[in-house]
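Listing of structure23.txt, compact mmCIF, C-alpha atoms
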```
# COMPACT_ATOMS: atom_id res chain seq x y z
CA MET A 1 90.08 86.83 137.86
CA THR A 2 88.45 90.04 138.87
CA LEU A 3 86.62 92.48 136.66
CA ASP A 4 89.46 94.96 136.83
CA ALA A 5 91.93 92.41 135.50
CA ILE A 6 89.60 91.52 132.62
CA LEU A 7 89.14 95.17 131.72
CA ASP A 8 92.87 95.82 131.93
CA GLY A 9 93.59 92.85 129.68
CA THR A 10 91.01 94.03 127.16
CA ALA A 11 92.49 97.52 127.15
CA ALA A 12 95.98 96.08 126.69
CA VAL A 13 94.87 94.00 123.71
CA PHE A 14 93.11 96.98 122.14
CA MET A 15 96.20 99.12 122.70
CA VAL A 16 98.49 96.64 120.98
CA ILE A 17 96.03 96.34 118.07
CA GLY A 18 96.03 100.13 117.72
CA GLY A 19 99.81 100.13 117.65
CA LEU A 20 99.81 97.42 115.00
CA MET A 21 97.45 99.49 112.86
CA SER A 22 99.74 102.51 112.99
CA LEU A 23 102.68 100.24 112.22
CA ALA A 24 100.75 98.95 109.19
CA ALA A 25 100.29 102.55 108.02
CA GLY A 26 104.00 103.21 108.40
CA ILE A 27 105.06 100.04 106.60
CA GLY A 28 102.57 100.75 103.82
CA LEU A 29 104.05 104.21 103.42
CA LEU A 30 107.51 102.70 103.31
CA ARG A 31 106.91 99.80 100.97
CA PHE A 32 104.21 100.75 98.49
CA PRO A 33 105.45 101.90 95.08
CA ASP A 34 102.85 104.48 94.13
CA LEU A 35 101.29 107.66 95.45
CA HIS A 36 97.77 106.28 95.36
CA SER A 37 98.57 103.01 97.08
CA ARG A 38 100.52 104.97 99.69
CA MET A 39 97.51 107.18 100.12
CA HIS A 40 95.37 104.10 100.80
CA ALA A 41 97.87 102.83 103.35
CA ALA A 42 98.20 106.21 105.02
CA THR A 43 94.53 107.06 105.50
CA LYS A 44 92.73 103.81 106.17
CA PRO A 45 94.31 101.62 108.87
CA GLN A 46 95.10 104.18 111.49
CA VAL A 47 91.51 105.35 111.74
CA LEU A 48 90.76 101.86 113.05
CA GLY A 49 93.89 102.03 115.19
CA LEU A 50 92.74 105.31 116.69
CA LEU A 51 89.32 103.74 117.39
CA MET A 52 91.07 100.90 119.22
CA LEU A 53 93.12 103.35 121.30
CA VAL A 54 90.01 105.42 122.10
CA LEU A 55 88.18 102.28 123.25
CA ALA A 56 91.15 101.26 125.37
CA ALA A 57 91.28 104.72 126.93
CA SER A 58 87.54 104.63 127.61
CA ILE A 59 87.96 101.24 129.29
CA MET A 60 90.86 102.39 131.41
CA TRP A 61 89.24 105.61 132.57
CA ARG A 62 86.33 103.67 134.11
CA ASN A 63 83.92 106.58 133.78
CA TRP A 64 81.79 108.15 131.08
CA HIS A 65 82.81 111.77 131.44
CA TRP A 66 85.48 111.94 128.75
CA VAL A 67 84.13 109.28 126.43
CA PRO A 68 82.13 111.76 124.24
CA ILE A 69 85.24 113.90 123.77
CA ALA A 70 87.28 110.86 122.79
CA LEU A 71 84.57 109.75 120.38
CA LEU A 72 84.50 113.31 119.01
CA ALA A 73 88.22 113.01 118.28
CA TRP A 74 87.69 109.72 116.49
CA GLY A 75 84.60 111.08 114.66
CA LEU A 76 86.61 114.04 113.38
CA MET A 77 89.27 111.63 112.19
CA ILE A 78 86.86 109.37 110.34
CA LEU A 79 85.13 112.41 108.78
CA THR A 80 88.30 114.12 107.63
CA ALA A 81 90.46 111.18 106.57
CA PRO A 82 88.37 110.37 103.44
CA VAL A 83 88.35 114.05 102.46
CA SER A 84 92.11 114.39 102.69
CA ALA A 85 92.57 111.07 100.88
CA HIS A 86 90.23 112.19 98.11
CA VAL A 87 91.92 115.56 97.70
CA VAL A 88 95.40 114.04 97.69
CA GLY A 89 94.37 111.39 95.18
CA ARG A 90 92.73 113.99 92.96
CA ALA A 91 95.78 116.20 93.01
CA GLY A 92 97.99 113.21 92.32
CA TYR A 93 95.88 112.18 89.35
CA ARG A 94 95.82 115.67 87.89
CA THR A 95 99.51 116.25 88.22
CA LYS A 96 100.32 112.71 87.02
CA HIS A 97 102.00 111.62 90.22
CA MET A 98 101.14 108.04 89.58
CA ARG A 99 102.44 105.02 87.77
CA ALA A 100 100.02 104.15 85.02
CA ASP A 101 101.57 100.72 84.53
CA LEU A 102 100.41 99.68 88.00
CA LEU A 103 96.77 100.52 87.35
CA ALA A 104 94.49 97.62 86.57
CA ASP A 105 91.78 99.90 85.20
CA ASP A 106 91.76 103.67 84.76
CA GLU A 107 88.07 104.50 84.84
CA LEU A 108 88.62 108.24 84.98
CA ALA A 109 90.48 108.27 81.66
CA SER A 110 87.28 107.58 79.70
CA ALA A 111 85.53 110.51 81.40
CA VAL A 112 88.49 112.76 80.64
CA ASP A 113 88.45 111.68 77.01
CA ARG A 114 84.73 112.34 76.76
CA LEU A 115 85.10 115.80 78.30
CA SER A 116 88.03 116.66 76.09
CA GLN A 117 86.05 116.00 72.92
CA PRO A 118 85.22 119.26 71.12
CA GLY A 119 81.45 118.98 71.61
CA GLY A 120 81.46 117.09 74.87
CA VAL A 121 80.51 119.83 77.24
CA ARG A 122 78.57 121.92 74.75
CA ARG A 123 75.98 119.21 74.25
CA GLU A 124 75.27 119.01 77.94
CA ILE A 125 74.83 122.75 78.19
CA LYS A 126 72.38 122.78 75.29
CA ASP A 127 70.26 120.20 77.07
CA GLU A 128 69.74 122.46 80.05
CA MET B 1 100.32 92.92 131.52
CA LEU B 2 99.53 96.55 130.92
CA ASP B 3 103.23 97.39 131.23
CA TYR B 4 104.15 95.00 128.42
CA ALA B 5 101.29 96.28 126.28
CA TYR B 6 102.39 99.86 126.90
CA TRP B 7 105.99 99.28 125.84
CA ILE B 8 105.05 97.09 122.89
CA THR B 9 102.63 99.72 121.63
CA GLN B 10 105.16 102.50 122.05
CA VAL B 11 107.77 100.53 120.10
CA LEU B 12 105.27 99.80 117.32
CA LEU B 13 104.31 103.47 117.10
CA ALA B 14 107.97 104.46 117.05
CA ILE B 15 108.64 102.10 114.13
CA GLY B 16 105.64 103.57 112.30
CA VAL B 17 106.97 107.09 112.85
CA MET B 18 110.39 106.05 111.56
CA CYS B 19 108.87 104.60 108.38
CA SER B 20 106.89 107.80 107.85
CA ILE B 21 109.96 109.96 108.44
CA TYR B 22 111.87 107.95 105.89
CA ARG B 23 109.06 108.54 103.42
CA VAL B 24 109.14 112.27 104.16
CA TYR B 25 112.87 112.24 103.46
CA LYS B 26 112.70 110.05 100.38
CA GLY B 27 109.27 110.89 98.95
CA PRO B 28 109.43 111.78 95.27
CA SER B 29 106.61 114.31 95.33
CA VAL B 30 105.18 116.78 97.80
CA LEU B 31 101.97 114.76 98.09
CA ASP B 32 103.87 111.78 99.50
CA ARG B 33 105.39 114.06 102.08
CA VAL B 34 102.00 115.53 102.91
CA ILE B 35 100.39 112.19 103.62
CA SER B 36 103.47 111.06 105.52
CA VAL B 37 103.32 114.13 107.74
CA ASP B 38 99.62 113.44 108.22
CA VAL B 39 100.46 109.91 109.39
CA ILE B 40 103.13 111.27 111.76
CA LEU B 41 100.62 113.69 113.24
CA ILE B 42 98.05 110.96 113.83
CA ILE B 43 100.70 108.74 115.40
CA VAL B 44 101.63 111.57 117.75
CA GLY B 45 97.97 111.70 118.77
CA SER B 46 98.10 107.94 119.25
CA VAL B 47 101.13 108.29 121.51
CA MET B 48 99.23 110.79 123.62
CA LEU B 49 96.30 108.38 123.81
CA VAL B 50 98.59 105.53 124.87
CA ASP B 51 100.07 107.73 127.58
CA MET B 52 96.57 108.55 128.78
CA ILE B 53 95.68 104.86 128.79
CA TYR B 54 98.71 103.84 130.82
CA HIS B 55 98.66 106.63 133.37
CA ARG B 56 94.86 106.91 133.53
CA HIS B 57 94.60 110.65 133.08
CA THR B 58 92.66 112.80 130.61
CA ASP B 59 95.01 115.72 130.16
CA HIS B 60 95.81 115.27 126.47
CA ILE B 61 92.43 114.50 125.00
CA LEU B 62 91.95 118.00 123.59
CA PHE B 63 95.34 117.76 121.92
CA VAL B 64 94.14 114.59 120.22
CA VAL B 65 91.06 116.43 118.91
CA VAL B 66 93.17 119.33 117.66
CA THR B 67 95.60 116.86 116.06
CA ALA B 68 92.82 115.29 114.01
CA VAL B 69 91.65 118.67 112.71
CA ILE B 70 95.11 120.07 111.95
CA GLY B 71 96.25 117.07 109.92
CA PHE B 72 93.15 117.34 107.76
CA LEU B 73 93.62 121.06 107.15
CA GLY B 74 97.28 120.71 106.19
CA ALA B 75 96.66 117.88 103.75
CA VAL B 76 93.76 119.65 102.03
CA ALA B 77 95.54 123.00 101.80
CA ILE B 78 98.74 121.61 100.33
CA ALA B 79 96.87 119.31 97.96
CA ARG B 80 94.81 122.23 96.69
CA TYR B 81 97.99 124.24 96.25
CA VAL B 82 99.58 121.48 94.19
CA ALA B 83 96.45 120.91 92.12
CA VAL B 84 95.81 124.54 91.23
CA ARG B 85 99.22 126.05 90.81
CA GLU B 86 100.83 123.88 88.12
CA PRO B 87 97.93 123.65 85.64
CA GLY B 88 96.84 127.23 86.44
CA THR B 89 99.76 128.66 84.48
CA GLU B 90 98.93 126.34 81.63
CA GLU B 91 95.32 127.45 81.77
CA GLY B 92 96.46 131.06 81.68
CA HIS B 93 98.54 130.41 78.57
CA ARG B 94 95.63 128.62 76.96
CA HIS B 95 93.27 131.45 77.84
CA ALA B 96 95.68 134.00 76.38
CA GLN B 97 95.92 131.97 73.19
CA ALA B 98 92.14 131.75 73.00
CA ILE B 99 91.78 135.50 73.42
CA GLY B 100 94.52 136.33 70.94
CA GLY B 101 93.46 133.92 68.23
CA GLY B 102 89.75 133.73 68.92
CA ARG B 103 88.58 136.53 66.66
CA ALA B 104 88.23 134.41 63.54
CA PRO B 105 85.99 131.44 64.23
CA GLU B 106 87.44 129.15 61.56
CA PRO B 107 90.90 128.38 62.98
CA GLU B 108 89.43 127.22 66.29
CA THR B 109 88.29 123.83 65.16
CA PRO B 110 91.49 122.72 63.41
CA ALA B 111 93.50 124.04 66.32
CA SER B 112 91.47 122.10 68.83
CA ALA B 113 91.50 119.01 66.63
CA SER B 114 95.24 119.20 66.24
CA GLY B 115 95.57 119.74 69.97
CA LEU B 116 93.46 116.68 70.63
CA ALA B 117 95.45 114.64 68.14
CA ALA B 118 98.63 115.82 69.80
CA ALA B 119 97.18 114.83 73.15
CA ASN B 120 96.26 111.38 71.89
CA SER B 121 99.63 110.88 70.26
CA GLY B 122 101.36 112.09 73.41
CA ARG B 123 99.29 109.72 75.52
CA SER B 124 100.06 106.81 73.23
CA ALA B 125 103.72 107.60 72.89
CA ALA B 126 104.15 108.54 76.57
CA GLY B 127 107.63 109.68 75.78
CA GLN B 128 107.35 113.27 76.96
CA LEU B 129 105.79 113.39 80.37
CA GLU B 130 105.51 117.15 80.46
CA ASP B 131 103.62 117.38 77.18
CA GLU B 132 101.33 114.59 78.18
CA SER B 133 100.32 116.08 81.49
CA THR B 134 99.86 119.62 80.26
CA SER B 135 97.93 118.65 77.15
CA TRP B 136 95.64 116.50 79.27
CA PHE B 137 94.68 119.43 81.46
CA ALA B 138 94.66 121.85 78.54
CA ASP B 139 92.02 119.73 76.83
CA LEU B 140 89.94 119.72 79.97
CA ALA B 141 90.31 123.48 80.41
CA ARG B 142 89.50 124.20 76.79
CA SER B 143 86.34 122.15 77.03
CA GLY B 144 85.41 124.40 79.95
CA PHE B 145 86.05 127.48 77.84
CA VAL B 146 83.81 126.39 74.99
CA PRO B 147 80.50 127.87 76.28
CA LYS B 148 82.05 131.30 76.87
CA ARG B 149 83.54 131.36 73.42
CA LYS B 150 80.22 130.29 71.94
CA ASN B 151 78.38 133.11 73.73
CA ASP B 152 80.99 135.52 72.48
CA ASP B 153 80.41 134.40 68.90
CA GLU B 154 76.66 134.70 69.37
CA SER B 155 76.94 138.22 70.69
CA THR B 156 79.08 139.28 67.73
CA GLY B 157 76.66 137.52 65.39
CA GLN B 158 73.63 139.24 66.88
CA GLY B 159 75.25 142.62 66.66
CA SER B 160 75.61 142.10 62.87
CA GLY B 161 78.02 145.03 62.92
CA GLY B 162 80.40 142.54 64.40
CA GLY B 163 82.02 142.17 61.01
CA GLY B 164 83.01 145.78 61.17
CA ARG B 165 84.25 145.30 64.68
CA ALA B 166 86.23 142.28 63.72
```

Go through the file and emit its structure as structure tokens.
Amino acid sequence: MTLDAILDGTAAVFMVIGGLMSLAAGIGLLRFPDLHSRMHAATKPQVLGLLMLVLAASIMWRNWHWVPIALLAWGLMILTAPVSAHVVGRAGYRTKHMRADLLADDELASAVDRLSQPGGVRREIKDE
Amino acid sequence: MLDYAYWITQVLLAIGVMCSIYRVYKGPSVLDRVISVDVILIIVGSVMLVDMIYHRHTDHILFVVVTAVIGFLGAVAIARYVAVREPGTEEGHRHAQAIGGGRAPEPETPASASGLAAANSGRSAAGQLEDESTSWFADLARSGFVPKRKNDDESTGQGSGGGGRA
């Protein structure tokens, strides 16, 4: 077995793993019952899938010229996917696009209650 | 072997796109559709990457970079739009009420207490979803308005002719 065959097989395995990650994102979007769980499924697995595809592409190109650009694409994805997930989850929490019966623990509700007390914010401002 | 991997990956990506398209069609809120469109965009970038892997060219790599950036911008913009627009009208109503009724300092505290009690009762009852959501944000917004109102009262108190003005 030559080196080229080994590299091709590795790239093929990485490519199929990347496809499975995107399929996991799609099935999570299809099957999950809630906005926040869908948001988890939509933003987490395909970043790893894109990493797998970038590695497979870097293996198949056999040179280093385009590897920084490909890693830049993946770096942008892993930098921006948490931001979009956070913003979507925040908007979903504020506009009540969630099912409260599915939550095991709502930790933000205590902070909201504390802020909505009449003297909650005023005390903090006096301390400054 | 690479041929089989290529077709298997394309079929898997196609099934993922179909699931996302069904969620765009069925999604109950605009946020579901936003994240589904984001997933579709990333899968399109993945398809371009798979094509580059199979045919060993680097033509589409800049499209993959642009795809990553554009999906992020769309999700953030639409999520900000959803988050600001609906409670913003409620905040405007609350602000108008605070301006209209804020001259006498005494009715503020019972009003806020009754509002809080209404919020708690609405949260416990959970019968009216509209009242629950709006009162939740109204409480948060009113807590943000408290320092301004306090400064306003202090300025009228310092002026000591504020009684005449009121």

Here is a test: counting all atoms listed in the file, which residue of A:Ala111, A:Ala70, A:Leu102, A:Ala57 is nearest to Asp34 of chain A?
A:Leu102

Per residue of chain A within 7 Å of chain B, record the nearest atom pair and its distance in Å to one decimal, counting only C-alpha atoms, with rows in chain order and ascending residue number, as a tab-separated table.
```
residue	atom	partner	partner_atom	distance
A:Asp8	CA	B:Leu2	CA	6.8
A:Gly9	CA	B:Met1	CA	7.0
A:Ala12	CA	B:Ala5	CA	5.3
A:Met15	CA	B:Thr9	CA	6.5
A:Val16	CA	B:Thr9	CA	5.2
A:Gly19	CA	B:Thr9	CA	4.9
A:Leu20	CA	B:Leu12	CA	6.4
A:Ser22	CA	B:Gly16	CA	6.0
A:Leu23	CA	B:Gly16	CA	4.5
A:Ala25	CA	B:Gly16	CA	6.9
A:Gly26	CA	B:Gly16	CA	4.2
A:Ile27	CA	B:Cys19	CA	6.2
A:Leu29	CA	B:Ser20	CA	6.4
A:Leu30	CA	B:Cys19	CA	5.6
A:Leu35	CA	B:Asp32	CA	6.3
A:Met39	CA	B:Ile35	CA	6.8
A:Ala42	CA	B:Val39	CA	6.2
A:Leu50	CA	B:Ser46	CA	6.5
A:Leu53	CA	B:Leu49	CA	6.5
A:Ala56	CA	B:Ile53	CA	6.7
A:Ala57	CA	B:Ile53	CA	4.8
A:Met60	CA	B:Ile53	CA	6.0
A:Trp61	CA	B:Arg56	CA	5.8
A:Ala70	CA	B:Ile61	CA	6.7
A:Ala73	CA	B:Val65	CA	4.5
A:Leu76	CA	B:Ala68	CA	6.4
A:Met77	CA	B:Ala68	CA	5.4
A:Thr80	CA	B:Phe72	CA	5.8
A:Ala81	CA	B:Phe72	CA	6.8
A:Ser84	CA	B:Val76	CA	5.6
A:Val87	CA	B:Ala79	CA	6.2
A:Val88	CA	B:Ala79	CA	5.5
A:Ala91	CA	B:Ala83	CA	4.8
A:Arg94	CA	B:Ala83	CA	6.8
A:Thr95	CA	B:Ser133	CA	6.8
A:Lys96	CA	B:Ser133	CA	6.5
A:Leu115	CA	B:Leu140	CA	6.4
A:Ser116	CA	B:Asp139	CA	5.1
A:Pro118	CA	B:Ser143	CA	6.7
A:Val121	CA	B:Ser143	CA	6.3
A:Arg122	CA	B:Pro147	CA	6.4
```

When you look at Ile59 of chain A with a cut-off of 7 Å (counting only C-alpha atoms), what residues show up, excluding the ones that are within fewer than 3 positions of it in the same chain? I need them as a PyMOL selection string.
chain A and resi 7+11+55-56+62

Using C-alpha atoms, can you export the residues from the last selection as a CSV table (one decimal), in the coordinates of the input?
```
chain,number,residue,atom,x,y,z
A,7,LEU,CA,89.1,95.2,131.7
A,11,ALA,CA,92.5,97.5,127.2
A,55,LEU,CA,88.2,102.3,123.2
A,56,ALA,CA,91.2,101.3,125.4
A,62,ARG,CA,86.3,103.7,134.1
```

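Atom CA of Leu51 of chain A lies 8.2 Å from atom CA of Leu71 of chain A.
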
Length of the atom CA of Asp106 of chain A to atom CA of Ala24 of chain A vector [Å]
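Computed distance, atom CA of Asp106 of chain A to atom CA of Ala24 of chain A, equals 26.5 Å.
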
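Taking atom CA of Pro68 of chain A and atom CA of Gly18 of chain A as the two end points, the separation is 19.3 Å.
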